[in-house]
file data_34.cif (mmCIF, C-alpha atoms)
data_coords
#
loop_
_atom_site.label_atom_id
_atom_site.label_comp_id
_atom_site.auth_asym_id
_atom_site.auth_seq_id
_atom_site.Cartn_x
_atom_site.Cartn_y
_atom_site.Cartn_z
CA MET D 28 -7.91 5.18 -28.05
CA ALA D 29 -5.71 3.33 -30.51
CA ASN D 30 -7.90 0.25 -30.25
CA ALA D 31 -11.12 2.04 -31.15
CA LYS D 32 -12.49 1.32 -34.61
CA THR D 33 -12.26 4.72 -36.31
CA PRO D 34 -13.52 5.24 -39.86
CA PRO D 35 -10.63 6.26 -42.17
CA GLU D 36 -12.12 9.68 -42.88
CA LEU D 37 -12.11 10.47 -39.16
CA THR D 38 -8.47 9.57 -38.36
CA ARG D 39 -6.71 12.45 -36.72
CA PRO D 40 -3.02 13.46 -37.09
CA LEU D 41 -0.81 12.10 -34.30
CA SER D 42 0.87 14.40 -31.82
CA PRO D 43 4.66 14.81 -32.24
CA HIS D 44 6.55 12.05 -30.48
CA LEU D 45 10.11 11.27 -29.34
CA GLN D 46 11.82 11.35 -32.75
CA ILE D 47 10.85 14.97 -33.34
CA TYR D 48 12.57 16.42 -30.26
CA ARG D 49 16.24 17.17 -29.65
CA PRO D 50 17.32 14.88 -26.79
CA MET D 51 17.56 16.75 -23.50
CA LEU D 52 18.97 15.56 -20.20
CA THR D 53 15.64 15.70 -18.36
CA MET D 54 13.98 13.74 -21.16
CA VAL D 55 16.74 11.13 -21.28
CA MET D 56 16.53 10.79 -17.48
CA SER D 57 12.80 10.20 -17.72
CA ILE D 58 13.42 7.39 -20.21
CA PHE D 59 16.19 5.98 -17.98
CA HIS D 60 13.82 5.97 -15.03
CA ARG D 61 11.44 3.69 -16.91
CA ILE D 62 14.23 1.49 -18.32
CA THR D 63 15.90 1.04 -14.92
CA GLY D 64 12.49 0.24 -13.42
CA GLY D 65 11.95 -2.43 -16.06
CA ALA D 66 15.44 -3.83 -15.50
CA LEU D 67 14.90 -4.01 -11.74
CA TYR D 68 11.59 -5.80 -12.38
CA VAL D 69 13.49 -8.64 -14.04
CA GLY D 70 16.60 -8.35 -11.85
CA THR D 71 14.59 -8.96 -8.69
CA LEU D 72 14.45 -12.60 -9.84
CA MET D 73 18.15 -12.73 -8.91
CA LEU D 74 17.32 -11.56 -5.37
CA ALA D 75 14.55 -14.18 -5.07
CA TRP D 76 16.94 -16.86 -6.34
CA TRP D 77 19.62 -15.76 -3.84
CA LEU D 78 17.18 -15.98 -0.91
CA LEU D 79 15.78 -19.32 -2.11
CA ALA D 80 19.31 -20.70 -2.58
CA ILE D 81 20.30 -19.80 0.98
CA ALA D 82 17.06 -21.33 2.29
CA SER D 83 17.58 -24.49 0.21
CA GLY D 84 21.04 -25.39 1.52
CA PRO D 85 24.78 -25.30 0.82
CA ASN D 86 24.59 -26.96 -2.62
CA ALA D 87 21.98 -24.56 -3.99
CA TYR D 88 23.95 -21.66 -2.48
CA ALA D 89 27.15 -22.87 -4.16
CA THR D 90 25.37 -22.96 -7.53
CA PHE D 91 24.11 -19.42 -7.00
CA GLN D 92 27.55 -18.19 -6.00
CA MET D 93 29.08 -19.80 -9.06
CA VAL D 94 26.65 -18.02 -11.38
CA ALA D 95 26.71 -14.69 -9.50
CA GLY D 96 30.51 -14.77 -9.24
CA SER D 97 31.04 -15.42 -12.95
CA PHE D 98 31.99 -12.52 -15.22
CA ILE D 99 28.46 -12.21 -16.60
CA GLY D 100 27.00 -12.60 -13.11
CA ARG D 101 29.13 -9.74 -11.81
CA LEU D 102 28.20 -7.61 -14.80
CA VAL D 103 24.49 -8.21 -14.13
CA LEU D 104 24.94 -7.41 -10.43
CA LEU D 105 26.87 -4.23 -11.25
CA GLY D 106 24.09 -3.20 -13.62
CA TYR D 107 21.47 -4.09 -11.00
CA THR D 108 23.27 -1.94 -8.40
CA TRP D 109 23.37 1.05 -10.74
CA ALA D 110 19.75 0.59 -11.87
CA LEU D 111 18.61 0.35 -8.24
CA LEU D 112 20.46 3.48 -7.12
CA HIS D 113 19.50 5.41 -10.26
CA HIS D 114 15.83 4.50 -9.92
CA MET D 115 15.92 5.40 -6.22
CA LEU D 116 17.49 8.84 -6.80
CA GLY D 117 15.20 9.41 -9.79
CA GLY D 118 12.27 8.45 -7.57
CA LEU D 119 13.39 11.01 -4.98
CA ARG D 120 13.21 13.62 -7.74
CA HIS D 121 9.68 12.50 -8.55
CA LEU D 122 8.69 12.74 -4.88
CA VAL D 123 10.03 16.33 -4.82
CA TRP D 124 7.99 17.11 -7.95
CA ASP D 125 4.91 15.59 -6.28
CA THR D 126 5.08 18.39 -3.71
CA GLY D 127 4.91 20.93 -6.57
CA ARG D 128 8.54 21.98 -6.20
CA GLY D 129 11.57 21.66 -8.48
CA PHE D 130 9.97 22.42 -11.83
CA GLY D 131 12.11 25.47 -12.68
CA PRO D 132 14.59 25.13 -15.58
CA ALA D 133 17.67 25.43 -13.34
CA GLU D 134 16.27 23.12 -10.63
CA ARG D 135 15.20 20.30 -12.91
CA GLU D 136 18.55 20.50 -14.71
CA TRP D 137 20.67 20.21 -11.57
CA MET D 138 18.43 17.52 -10.12
CA ALA D 139 18.87 15.49 -13.32
CA ARG D 140 22.65 15.94 -13.18
CA ALA D 141 22.75 15.09 -9.47
CA THR D 142 20.76 11.89 -10.07
CA LEU D 143 23.13 10.70 -12.79
CA PHE D 144 26.30 11.73 -10.93
CA GLY D 145 24.97 10.31 -7.64
CA SER D 146 23.95 6.94 -9.05
CA ILE D 147 27.28 6.37 -10.83
CA THR D 148 29.37 7.57 -7.86
CA LEU D 149 27.40 5.54 -5.30
CA THR D 150 27.61 2.40 -7.47
CA LEU D 151 31.39 2.72 -7.80
CA LEU D 152 31.80 3.44 -4.07
CA LEU D 153 29.69 0.41 -3.10
CA TRP D 154 31.61 -1.93 -5.39
CA LEU D 155 34.97 -0.51 -4.29
CA PHE D 156 33.86 -1.05 -0.69
CA VAL D 157 32.83 -4.65 -1.38
CA TYR D 158 36.12 -5.44 -3.12
CA LEU D 159 38.34 -3.63 -0.59
CA VAL D 160 36.64 -4.70 2.63
CA SER D 161 35.23 -8.15 2.03
CA GLY D 162 37.49 -9.26 -0.81
CA GLY D 163 34.80 -9.19 -3.47
CA LEU D 164 32.36 -11.82 -4.64
CA ARG D 165 33.42 -15.36 -4.01
CA MET A 133 -30.77 1.09 -29.23
CA LYS A 134 -30.71 -0.33 -25.74
CA HIS A 135 -31.70 2.93 -24.09
CA MET A 136 -33.21 6.24 -24.99
CA ARG A 137 -30.93 8.44 -22.91
CA THR A 138 -27.93 10.48 -24.03
CA PRO A 139 -24.50 9.58 -22.59
CA LEU A 140 -24.56 12.78 -20.54
CA GLY A 141 -27.99 11.98 -19.20
CA ARG A 142 -26.86 8.56 -18.07
CA VAL A 143 -23.93 9.84 -15.99
CA ARG A 144 -25.50 13.04 -14.68
CA GLY A 145 -26.08 12.97 -10.94
CA LEU A 146 -23.93 9.91 -10.37
CA GLY A 147 -20.97 11.95 -9.16
CA SER A 148 -17.34 10.93 -9.51
CA ALA A 149 -16.27 7.33 -9.11
CA LYS A 150 -14.65 8.34 -5.79
CA THR A 151 -11.95 5.75 -6.43
CA GLY A 152 -9.30 5.21 -9.09
CA THR A 153 -6.28 6.93 -7.59
CA GLU A 154 -5.18 4.03 -5.34
CA ASP A 155 -2.45 2.90 -7.74
CA PHE A 156 -1.10 6.45 -8.04
CA TRP A 157 -1.04 6.86 -4.26
CA HIS A 158 0.28 3.37 -3.49
CA GLN A 159 3.08 3.86 -6.03
CA ARG A 160 4.22 6.87 -4.01
CA LEU A 161 3.58 5.20 -0.66
CA THR A 162 5.76 2.22 -1.61
CA ALA A 163 8.32 4.60 -3.17
CA MET A 164 8.70 6.34 0.19
CA ALA A 165 8.92 3.01 2.03
CA ASN A 166 11.43 1.73 -0.53
CA ILE A 167 14.01 4.42 0.25
CA PRO A 168 14.96 3.27 3.78
CA LEU A 169 14.21 -0.38 2.92
CA VAL A 170 16.45 -0.40 -0.17
CA ILE A 171 19.26 1.18 1.85
CA ALA A 172 18.78 -1.48 4.55
CA GLY A 173 18.58 -4.23 1.90
CA VAL A 174 21.79 -3.10 0.20
CA VAL A 175 23.62 -2.99 3.55
CA ILE A 176 22.35 -6.49 4.41
CA VAL A 177 23.32 -7.95 1.01
CA ILE A 178 26.78 -6.35 1.14
CA SER A 179 27.38 -7.60 4.66
CA LEU A 180 26.62 -11.14 3.42
CA VAL A 181 28.94 -11.02 0.41
CA GLY A 182 31.75 -13.55 0.70
CA ARG A 183 30.29 -15.40 3.71
CA ASN A 184 29.76 -19.15 3.69
CA HIS A 185 26.30 -20.73 3.60
CA ALA A 186 25.96 -21.30 7.34
CA ALA A 187 26.83 -17.70 8.21
CA ALA A 188 24.58 -16.26 5.50
CA ALA A 189 21.66 -18.46 6.60
CA GLN A 190 22.13 -17.51 10.25
CA ILE A 191 22.32 -13.76 9.58
CA LEU A 192 19.33 -13.72 7.20
CA GLY A 193 17.29 -15.74 9.68
CA SER A 194 17.87 -13.40 12.63
CA PRO A 195 14.63 -11.56 13.53
CA LEU A 196 15.61 -7.95 12.72
CA ILE A 197 17.26 -8.81 9.40
CA ALA A 198 14.41 -11.14 8.41
CA ILE A 199 11.76 -8.50 9.21
CA LEU A 200 13.65 -5.82 7.24
CA MET A 201 14.03 -8.15 4.27
CA LEU A 202 10.33 -9.10 4.39
CA LEU A 203 9.28 -5.43 4.43
CA PHE A 204 11.71 -4.79 1.59
CA ILE A 205 10.30 -7.64 -0.52
CA ILE A 206 6.64 -6.69 0.09
CA SER A 207 7.16 -2.99 -0.66
CA VAL A 208 9.39 -3.55 -3.69
CA THR A 209 7.22 -6.19 -5.39
CA TYR A 210 4.07 -4.11 -4.85
CA HIS A 211 5.87 -1.09 -6.36
CA MET A 212 7.02 -3.31 -9.25
CA ARG A 213 3.48 -4.50 -10.00
CA ILE A 214 2.08 -0.96 -10.27
CA GLY A 215 5.07 0.30 -12.28
CA MET A 216 4.94 -2.50 -14.84
CA GLN A 217 1.16 -2.13 -15.18
CA VAL A 218 1.67 1.54 -16.11
CA ILE A 219 4.25 0.52 -18.73
CA ILE A 220 1.89 -2.12 -20.16
CA GLU A 221 -1.01 0.34 -20.29
CA ASP A 222 1.22 2.89 -22.05
CA TYR A 223 2.46 0.62 -24.81
CA VAL A 224 -0.02 -2.24 -25.30
CA HIS A 225 -3.23 -0.97 -26.82
CA GLU A 226 -4.78 -4.22 -27.99
CA GLU A 227 -7.32 -5.03 -25.28
CA THR A 228 -6.82 -8.82 -24.98
CA SER A 229 -3.01 -8.66 -24.90
CA LYS A 230 -3.14 -5.76 -22.47
CA ILE A 231 -5.33 -7.61 -19.98
CA ALA A 232 -3.33 -10.84 -20.41
CA LEU A 233 -0.07 -8.99 -19.67
CA ILE A 234 -1.56 -7.21 -16.67
CA VAL A 235 -2.68 -10.58 -15.28
CA LEU A 236 0.78 -12.10 -15.92
CA ASN A 237 2.35 -9.05 -14.28
CA THR A 238 0.29 -9.66 -11.14
CA PHE A 239 1.14 -13.38 -11.13
CA TYR A 240 4.87 -12.70 -11.62
CA THR A 241 5.19 -10.08 -8.87
CA ILE A 242 3.20 -12.17 -6.38
CA ALA A 243 5.35 -15.21 -7.22
CA VAL A 244 8.58 -13.25 -6.68
CA ALA A 245 7.21 -11.91 -3.40
CA LEU A 246 6.08 -15.31 -2.17
CA VAL A 247 9.27 -17.17 -3.11
CA SER A 248 11.38 -14.54 -1.34
CA ALA A 249 9.14 -14.34 1.73
CA PHE A 250 8.98 -18.13 2.00
CA ALA A 251 12.78 -18.37 1.87
CA ILE A 252 13.21 -15.70 4.56
CA LEU A 253 10.60 -17.28 6.83
CA LYS A 254 12.09 -20.74 6.37
CA LEU A 255 15.52 -19.43 7.40
CA SER A 256 13.96 -17.54 10.28
CA PHE A 257 11.96 -20.44 11.70
CA GLY A 258 14.95 -22.71 11.17
CA VAL A 259 13.04 -25.62 9.62
#
call {"tool": "encode", "arguments": {"input": "data_34.cif", "output": "C-alpha coordinates"}}
result
Amino acid sequence: MANAKTPPELTRPLSPHLQIYRPMLTMVMSIFHRITGGALYVGTLMLAWWLLAIASGPNAYATFQMVAGSFIGRLVLLGYTWALLHHMLGGLRHLVWDTGRGFGPAEREWMARATLFGSITLTLLLWLFVYLVSGGLR
Amino acid sequence: MKHMRTPLGRVRGLGSAKTGTEDFWHQRLTAMANIPLVIAGVVIVISLVGRNHAAAAQILGSPLIAILMLLFIISVTYHMRIGMQVIIEDYVHEETSKIALIVLNTFYTIAVALVSAFAILKLSFGV
(Lines of atoms letter the chains of each structure in order from A and count residues from 1; the text may use other names and numbers.)
(Lines give C-alpha, C1' and ligand atoms only; values in the text may rest on other atoms or scores of the structure.)
Protein backbone atom coordinates (compact mmCIF):
# COMPACT_ATOMS: atom_id res chain seq x y z
CA MET A 1 0.00 0.00 0.00
CA ALA A 2 2.48 2.60 -1.16
CA ASN A 3 -0.29 5.14 -1.62
CA ALA A 4 -1.62 4.85 1.92
CA LYS A 5 -0.86 7.78 4.20
CA THR A 6 1.38 6.21 6.85
CA PRO A 7 2.66 8.23 9.80
CA PRO A 8 6.50 8.43 9.72
CA GLU A 9 6.88 6.51 12.97
CA LEU A 10 4.98 3.57 11.46
CA THR A 11 6.96 3.18 8.20
CA ARG A 12 8.25 -0.32 7.83
CA PRO A 13 11.55 -1.44 6.21
CA LEU A 14 11.16 -2.50 2.58
CA SER A 15 11.71 -6.08 1.49
CA PRO A 16 14.92 -6.73 -0.49
CA HIS A 17 14.43 -6.02 -4.18
CA LEU A 18 16.20 -6.71 -7.50
CA GLN A 19 19.47 -4.90 -6.78
CA ILE A 20 20.25 -7.14 -3.82
CA TYR A 21 20.22 -10.46 -5.71
CA ARG A 22 22.85 -11.99 -7.97
CA PRO A 23 21.27 -12.19 -11.44
CA MET A 24 20.14 -15.72 -12.26
CA LEU A 25 18.90 -17.11 -15.55
CA THR A 26 15.38 -17.83 -14.30
CA MET A 27 15.14 -14.32 -12.87
CA VAL A 28 16.44 -12.69 -16.05
CA MET A 29 13.97 -14.77 -18.09
CA SER A 30 11.12 -13.58 -15.89
CA ILE A 31 12.14 -9.98 -16.57
CA PHE A 32 12.46 -10.74 -20.30
CA HIS A 33 8.97 -12.20 -20.32
CA ARG A 34 7.56 -8.90 -19.09
CA ILE A 35 9.76 -6.78 -21.38
CA THR A 36 8.90 -8.83 -24.48
CA GLY A 37 5.21 -8.62 -23.52
CA GLY A 38 5.49 -4.84 -23.29
CA ALA A 39 7.33 -4.67 -26.61
CA LEU A 40 4.69 -6.80 -28.32
CA TYR A 41 2.01 -4.51 -26.87
CA VAL A 42 3.49 -1.60 -28.82
CA GLY A 43 4.64 -3.69 -31.80
CA THR A 44 1.11 -4.88 -32.50
CA LEU A 45 0.51 -1.37 -33.85
CA MET A 46 2.69 -2.42 -36.78
CA LEU A 47 0.40 -5.40 -37.44
CA ALA A 48 -2.69 -3.15 -37.29
CA TRP A 49 -1.02 -0.69 -39.67
CA TRP A 50 -0.11 -3.51 -42.07
CA LEU A 51 -3.71 -4.79 -42.15
CA LEU A 52 -5.13 -1.27 -42.51
CA ALA A 53 -2.66 -0.48 -45.31
CA ILE A 54 -3.69 -3.55 -47.29
CA ALA A 55 -7.37 -2.69 -46.75
CA SER A 56 -6.78 0.94 -47.77
CA GLY A 57 -5.23 0.26 -51.18
CA PRO A 58 -2.00 0.03 -53.17
CA ASN A 59 -0.68 3.49 -52.19
CA ALA A 60 -1.07 2.92 -48.45
CA TYR A 61 0.45 -0.54 -48.87
CA ALA A 62 3.44 0.92 -50.73
CA THR A 63 4.03 3.38 -47.88
CA PHE A 64 3.91 0.55 -45.36
CA GLN A 65 6.31 -1.57 -47.41
CA MET A 66 8.71 1.33 -47.70
CA VAL A 67 8.81 1.81 -43.93
CA ALA A 68 8.83 -1.92 -43.07
CA GLY A 69 11.49 -2.62 -45.71
CA SER A 70 13.84 0.11 -44.47
CA PHE A 71 16.79 -0.83 -42.27
CA ILE A 72 15.05 0.35 -39.11
CA GLY A 73 11.81 -1.30 -40.21
CA ARG A 74 13.55 -4.63 -40.65
CA LEU A 75 15.28 -4.25 -37.30
CA VAL A 76 11.92 -3.62 -35.60
CA LEU A 77 10.36 -6.61 -37.37
CA LEU A 78 13.31 -8.84 -36.40
CA GLY A 79 12.92 -7.70 -32.80
CA TYR A 80 9.16 -8.25 -32.98
CA THR A 81 9.68 -11.80 -34.29
CA TRP A 82 12.07 -12.64 -31.46
CA ALA A 83 9.87 -11.00 -28.80
CA LEU A 84 6.83 -12.91 -30.10
CA LEU A 85 8.57 -16.30 -30.11
CA HIS A 86 10.29 -15.65 -26.78
CA HIS A 87 7.05 -14.59 -25.10
CA MET A 88 5.26 -17.61 -26.59
CA LEU A 89 7.87 -20.12 -25.37
CA GLY A 90 8.07 -18.32 -22.01
CA GLY A 91 4.28 -18.51 -21.83
CA LEU A 92 4.43 -22.27 -22.46
CA ARG A 93 6.74 -22.50 -19.44
CA HIS A 94 4.20 -20.58 -17.38
CA LEU A 95 1.41 -22.91 -18.52
CA VAL A 96 3.52 -25.89 -17.40
CA TRP A 97 4.06 -24.21 -14.02
CA ASP A 98 0.30 -23.60 -13.76
CA THR A 99 -0.16 -27.38 -13.64
CA GLY A 100 2.17 -27.50 -10.62
CA ARG A 101 5.02 -29.12 -12.56
CA GLY A 102 8.50 -27.92 -13.50
CA PHE A 103 9.49 -26.15 -10.29
CA GLY A 104 12.57 -28.30 -9.51
CA PRO A 105 16.00 -26.61 -9.79
CA ALA A 106 17.10 -28.73 -12.77
CA GLU A 107 13.75 -28.44 -14.57
CA ARG A 108 13.37 -24.69 -14.28
CA GLU A 109 16.98 -24.24 -15.38
CA TRP A 110 16.66 -26.33 -18.55
CA MET A 111 13.27 -24.82 -19.37
CA ALA A 112 14.81 -21.34 -19.12
CA ARG A 113 17.71 -22.37 -21.38
CA ALA A 114 15.36 -24.06 -23.85
CA THR A 115 13.19 -20.92 -24.05
CA LEU A 116 16.17 -18.69 -24.83
CA PHE A 117 17.79 -21.14 -27.25
CA GLY A 118 14.44 -21.91 -28.91
CA SER A 119 13.41 -18.29 -29.41
CA ILE A 120 16.75 -17.27 -30.95
CA THR A 121 16.98 -20.37 -33.16
CA LEU A 122 13.37 -20.10 -34.37
CA THR A 123 13.79 -16.39 -35.13
CA LEU A 124 16.91 -17.02 -37.21
CA LEU A 125 15.28 -19.97 -39.02
CA LEU A 126 12.17 -17.93 -39.86
CA TRP A 127 14.19 -15.01 -41.22
CA LEU A 128 16.52 -17.32 -43.16
CA PHE A 129 13.43 -18.98 -44.62
CA VAL A 130 11.90 -15.63 -45.62
CA TYR A 131 15.13 -14.46 -47.27
CA LEU A 132 15.91 -17.78 -49.00
CA VAL A 133 12.42 -18.71 -50.19
CA SER A 134 10.61 -15.48 -50.91
CA GLY A 135 13.60 -13.21 -51.50
CA GLY A 136 13.15 -11.17 -48.34
CA LEU A 137 11.16 -8.05 -47.63
CA ARG A 138 10.46 -5.91 -50.63
CA MET B 1 -17.75 7.49 13.02
CA LYS B 2 -20.19 6.37 10.37
CA HIS B 3 -20.84 3.01 11.97
CA MET B 4 -20.40 1.29 15.27
CA ARG B 5 -19.19 -2.06 13.95
CA THR B 6 -15.65 -3.39 13.75
CA PRO B 7 -14.19 -4.15 10.29
CA LEU B 8 -14.41 -7.87 11.05
CA GLY B 9 -18.01 -7.55 12.11
CA ARG B 10 -18.91 -5.82 8.88
CA VAL B 11 -17.52 -8.56 6.62
CA ARG B 12 -18.42 -11.58 8.74
CA GLY B 13 -21.05 -13.77 7.12
CA LEU B 14 -20.75 -12.14 3.73
CA GLY B 15 -18.58 -14.92 2.34
CA SER B 16 -15.98 -14.50 -0.38
CA ALA B 17 -16.56 -12.17 -3.30
CA LYS B 18 -16.95 -15.27 -5.50
CA THR B 19 -15.39 -13.32 -8.36
CA GLY B 20 -12.04 -11.67 -8.98
CA THR B 21 -10.09 -14.40 -10.74
CA GLU B 22 -11.50 -13.77 -14.24
CA ASP B 23 -8.43 -11.84 -15.38
CA PHE B 24 -6.11 -14.57 -14.11
CA TRP B 25 -8.12 -17.26 -15.88
CA HIS B 26 -8.69 -15.28 -19.09
CA GLN B 27 -4.96 -14.51 -19.30
CA ARG B 28 -4.32 -18.26 -19.39
CA LEU B 29 -7.28 -18.98 -21.66
CA THR B 30 -6.05 -16.45 -24.24
CA ALA B 31 -2.46 -17.70 -23.74
CA MET B 32 -3.57 -21.19 -24.76
CA ALA B 33 -5.54 -19.83 -27.72
CA ASN B 34 -2.58 -17.65 -28.73
CA ILE B 35 -0.24 -20.60 -29.28
CA PRO B 36 -1.94 -22.08 -32.37
CA LEU B 37 -3.18 -18.64 -33.49
CA VAL B 38 0.29 -17.04 -33.34
CA ILE B 39 1.73 -19.96 -35.32
CA ALA B 40 -1.04 -19.54 -37.90
CA GLY B 41 -0.54 -15.75 -37.93
CA VAL B 42 3.22 -16.06 -38.47
CA VAL B 43 2.68 -18.52 -41.34
CA ILE B 44 0.11 -16.19 -42.94
CA VAL B 45 2.34 -13.10 -42.61
CA ILE B 46 5.37 -14.95 -44.00
CA SER B 47 3.38 -16.30 -46.92
CA LEU B 48 2.40 -12.70 -47.78
CA VAL B 49 5.92 -11.28 -47.63
CA GLY B 50 7.04 -9.97 -51.00
CA ARG B 51 3.62 -10.21 -52.67
CA ASN B 52 2.03 -7.24 -54.42
CA HIS B 53 -1.01 -5.44 -53.04
CA ALA B 54 -3.62 -7.28 -55.09
CA ALA B 55 -2.32 -10.72 -54.08
CA ALA B 56 -1.98 -9.76 -50.41
CA ALA B 57 -5.51 -8.31 -50.34
CA GLN B 58 -6.96 -11.39 -52.01
CA ILE B 59 -5.24 -13.87 -49.69
CA LEU B 60 -6.08 -11.93 -46.50
CA GLY B 61 -9.70 -11.62 -47.62
CA SER B 62 -10.23 -15.35 -48.22
CA PRO B 63 -12.58 -16.80 -45.57
CA LEU B 64 -10.23 -19.21 -43.75
CA ILE B 65 -7.34 -16.73 -43.57
CA ALA B 66 -9.65 -13.88 -42.52
CA ILE B 67 -11.25 -15.98 -39.76
CA LEU B 68 -7.84 -17.10 -38.44
CA MET B 69 -6.58 -13.51 -38.44
CA LEU B 70 -9.72 -12.28 -36.66
CA LEU B 71 -9.36 -14.94 -33.95
CA PHE B 72 -5.68 -14.04 -33.67
CA ILE B 73 -6.43 -10.32 -33.26
CA ILE B 74 -9.21 -10.85 -30.69
CA SER B 75 -7.21 -13.28 -28.56
CA VAL B 76 -3.96 -11.32 -28.73
CA THR B 77 -5.44 -7.89 -27.92
CA TYR B 78 -7.46 -9.32 -25.01
CA HIS B 79 -4.27 -10.97 -23.69
CA MET B 80 -2.44 -7.64 -24.17
CA ARG B 81 -5.03 -5.71 -22.16
CA ILE B 82 -4.79 -8.02 -19.14
CA GLY B 83 -0.99 -8.20 -19.31
CA MET B 84 -0.50 -4.44 -19.46
CA GLN B 85 -3.01 -3.91 -16.65
CA VAL B 86 -0.92 -6.21 -14.43
CA ILE B 87 2.21 -4.20 -15.29
CA ILE B 88 0.43 -0.91 -14.51
CA GLU B 89 -0.88 -2.26 -11.20
CA ASP B 90 2.62 -3.46 -10.29
CA TYR B 91 4.43 -0.18 -10.91
CA VAL B 92 1.94 2.69 -10.67
CA HIS B 93 0.82 3.19 -7.10
CA GLU B 94 -0.69 6.65 -7.31
CA GLU B 95 -4.43 5.97 -7.55
CA THR B 96 -5.44 8.59 -10.15
CA SER B 97 -2.59 7.82 -12.56
CA LYS B 98 -3.17 4.11 -12.11
CA ILE B 99 -6.84 4.31 -13.03
CA ALA B 100 -6.13 6.73 -15.91
CA LEU B 101 -3.51 4.34 -17.35
CA ILE B 102 -5.81 1.33 -16.97
CA VAL B 103 -8.53 3.22 -18.86
CA LEU B 104 -6.05 4.23 -21.60
CA ASN B 105 -4.85 0.63 -21.76
CA THR B 106 -8.42 -0.55 -22.42
CA PHE B 107 -8.97 2.16 -25.05
CA TYR B 108 -5.68 1.35 -26.81
CA THR B 109 -6.19 -2.42 -26.98
CA ILE B 110 -9.79 -2.07 -28.17
CA ALA B 111 -8.67 0.44 -30.82
CA VAL B 112 -5.93 -1.91 -32.08
CA ALA B 113 -8.44 -4.77 -32.16
CA LEU B 114 -11.09 -2.76 -33.98
CA VAL B 115 -8.74 -1.26 -36.58
CA SER B 116 -7.34 -4.71 -37.39
CA ALA B 117 -10.74 -6.43 -37.44
CA PHE B 118 -12.23 -3.67 -39.60
CA ALA B 119 -9.38 -4.01 -42.11
CA ILE B 120 -9.76 -7.80 -42.30
CA LEU B 121 -13.55 -7.61 -42.69
CA LYS B 122 -13.27 -4.91 -45.35
CA LEU B 123 -10.88 -7.10 -47.36
CA SER B 124 -13.12 -10.10 -46.79
CA PHE B 125 -16.36 -8.45 -47.88
CA GLY B 126 -14.54 -6.86 -50.80
CA VAL B 127 -16.00 -3.37 -50.39
call {"tool": "residues_around", "arguments": {"input": "data_34.cif", "residues": "range 245-250 of chain A", "least_positions_apart": "4", "cutoff": "10 Å", "atoms": "all atoms listed in the file", "output": "ChimeraX atom specification"}}
result
/D:71-72,74-79,82 /A:198-199,201-210,239-241,254-256
call {"tool": "resolve_selection", "arguments": {"input": "data_34.cif", "expression": "the PyMOL selection byres ((chain D) within 10 of (chain A))", "output": "ChimeraX atom specification"}}
result
/D:28-31,61,64-65,67-69,71-89,92,108,111-112,115-116,118-119,121-122,125,153-154,156-158,160-165
call {"tool": "atom_distance", "arguments": {"input": "data_34.cif", "atom1": "CA of Val218 in chain A", "atom2": "CA of Pro132 in chain D"}}
result
26.9 Å
call {"tool": "atom_distance", "arguments": {"input": "data_34.cif", "atom1": "CA of Pro168 in chain A", "atom2": "CA of Val94 in chain D"}}
result
28.6 Å
call {"tool": "build_atoms", "arguments": {"input": "data_34.cif", "residues": "range 156-177 of chain A", "atoms": "N, CA and C atoms", "output": "mmCIF file, in the frame of the given file"}}
result
data_model
loop_
_atom_site.group_PDB
_atom_site.id
_atom_site.type_symbol
_atom_site.label_atom_id
_atom_site.label_comp_id
_atom_site.auth_asym_id
_atom_site.auth_seq_id
_atom_site.Cartn_x
_atom_site.Cartn_y
_atom_site.Cartn_z
ATOM 1 N N PHE A 156 -1.952 5.258 -8.061
ATOM 2 C CA PHE A 156 -1.100 6.450 -8.040
ATOM 3 C C PHE A 156 -0.548 6.675 -6.627
ATOM 4 N N TRP A 157 -1.446 6.611 -5.649
ATOM 5 C CA TRP A 157 -1.040 6.860 -4.260
ATOM 6 C C TRP A 157 -0.146 5.742 -3.727
ATOM 7 N N HIS A 158 -0.506 4.495 -3.997
ATOM 8 C CA HIS A 158 0.280 3.370 -3.490
ATOM 9 C C HIS A 158 1.674 3.324 -4.127
ATOM 10 N N GLN A 159 1.775 3.793 -5.383
ATOM 11 C CA GLN A 159 3.080 3.860 -6.030
ATOM 12 C C GLN A 159 3.996 4.801 -5.250
ATOM 13 N N ARG A 160 3.427 5.917 -4.792
ATOM 14 C CA ARG A 160 4.220 6.870 -4.010
ATOM 15 C C ARG A 160 4.461 6.397 -2.578
ATOM 16 N N LEU A 161 3.445 5.744 -2.016
ATOM 17 C CA LEU A 161 3.580 5.200 -0.660
ATOM 18 C C LEU A 161 4.708 4.170 -0.608
ATOM 19 N N THR A 162 4.705 3.233 -1.582
ATOM 20 C CA THR A 162 5.760 2.220 -1.610
ATOM 21 C C THR A 162 7.100 2.852 -1.997
ATOM 22 N N ALA A 163 7.071 3.915 -2.814
ATOM 23 C CA ALA A 163 8.320 4.600 -3.170
ATOM 24 C C ALA A 163 8.979 5.162 -1.909
ATOM 25 N N MET A 164 8.152 5.775 -1.045
ATOM 26 C CA MET A 164 8.700 6.340 0.190
ATOM 27 C C MET A 164 9.228 5.241 1.098
ATOM 28 N N ALA A 165 8.476 4.137 1.190
ATOM 29 C CA ALA A 165 8.920 3.010 2.030
ATOM 30 C C ALA A 165 10.187 2.393 1.457
ATOM 31 N N ASN A 166 10.284 2.376 0.119
ATOM 32 C CA ASN A 166 11.430 1.730 -0.530
ATOM 33 C C ASN A 166 12.753 2.407 -0.186
ATOM 34 N N ILE A 167 12.737 3.723 0.031
ATOM 35 C CA ILE A 167 14.010 4.420 0.250
ATOM 36 C C ILE A 167 14.774 3.850 1.446
ATOM 37 N N PRO A 168 14.202 3.879 2.663
ATOM 38 C CA PRO A 168 14.960 3.270 3.780
ATOM 39 C C PRO A 168 15.126 1.760 3.617
ATOM 40 N N LEU A 169 14.123 1.081 3.026
ATOM 41 C CA LEU A 169 14.210 -0.380 2.920
ATOM 42 C C LEU A 169 15.266 -0.821 1.912
ATOM 43 N N VAL A 170 15.420 -0.063 0.807
ATOM 44 C CA VAL A 170 16.450 -0.400 -0.170
ATOM 45 C C VAL A 170 17.835 -0.177 0.449
ATOM 46 N N ILE A 171 17.980 0.930 1.196
ATOM 47 C CA ILE A 171 19.260 1.180 1.850
ATOM 48 C C ILE A 171 19.587 0.029 2.815
ATOM 49 N N ALA A 172 18.586 -0.368 3.619
ATOM 50 C CA ALA A 172 18.780 -1.480 4.550
ATOM 51 C C ALA A 172 19.103 -2.766 3.784
ATOM 52 N N GLY A 173 18.372 -3.014 2.699
ATOM 53 C CA GLY A 173 18.580 -4.230 1.900
ATOM 54 C C GLY A 173 19.980 -4.290 1.311
ATOM 55 N N VAL A 174 20.448 -3.140 0.793
ATOM 56 C CA VAL A 174 21.790 -3.100 0.200
ATOM 57 C C VAL A 174 22.847 -3.376 1.272
ATOM 58 N N VAL A 175 22.666 -2.768 2.453
ATOM 59 C CA VAL A 175 23.620 -2.990 3.550
ATOM 60 C C VAL A 175 23.631 -4.474 3.940
ATOM 61 N N ILE A 176 22.443 -5.073 4.038
ATOM 62 C CA ILE A 176 22.350 -6.490 4.410
ATOM 63 C C ILE A 176 23.034 -7.371 3.367
ATOM 64 N N VAL A 177 22.729 -7.134 2.074
ATOM 65 C CA VAL A 177 23.320 -7.950 1.010
ATOM 66 C C VAL A 177 24.839 -7.811 1.018
#
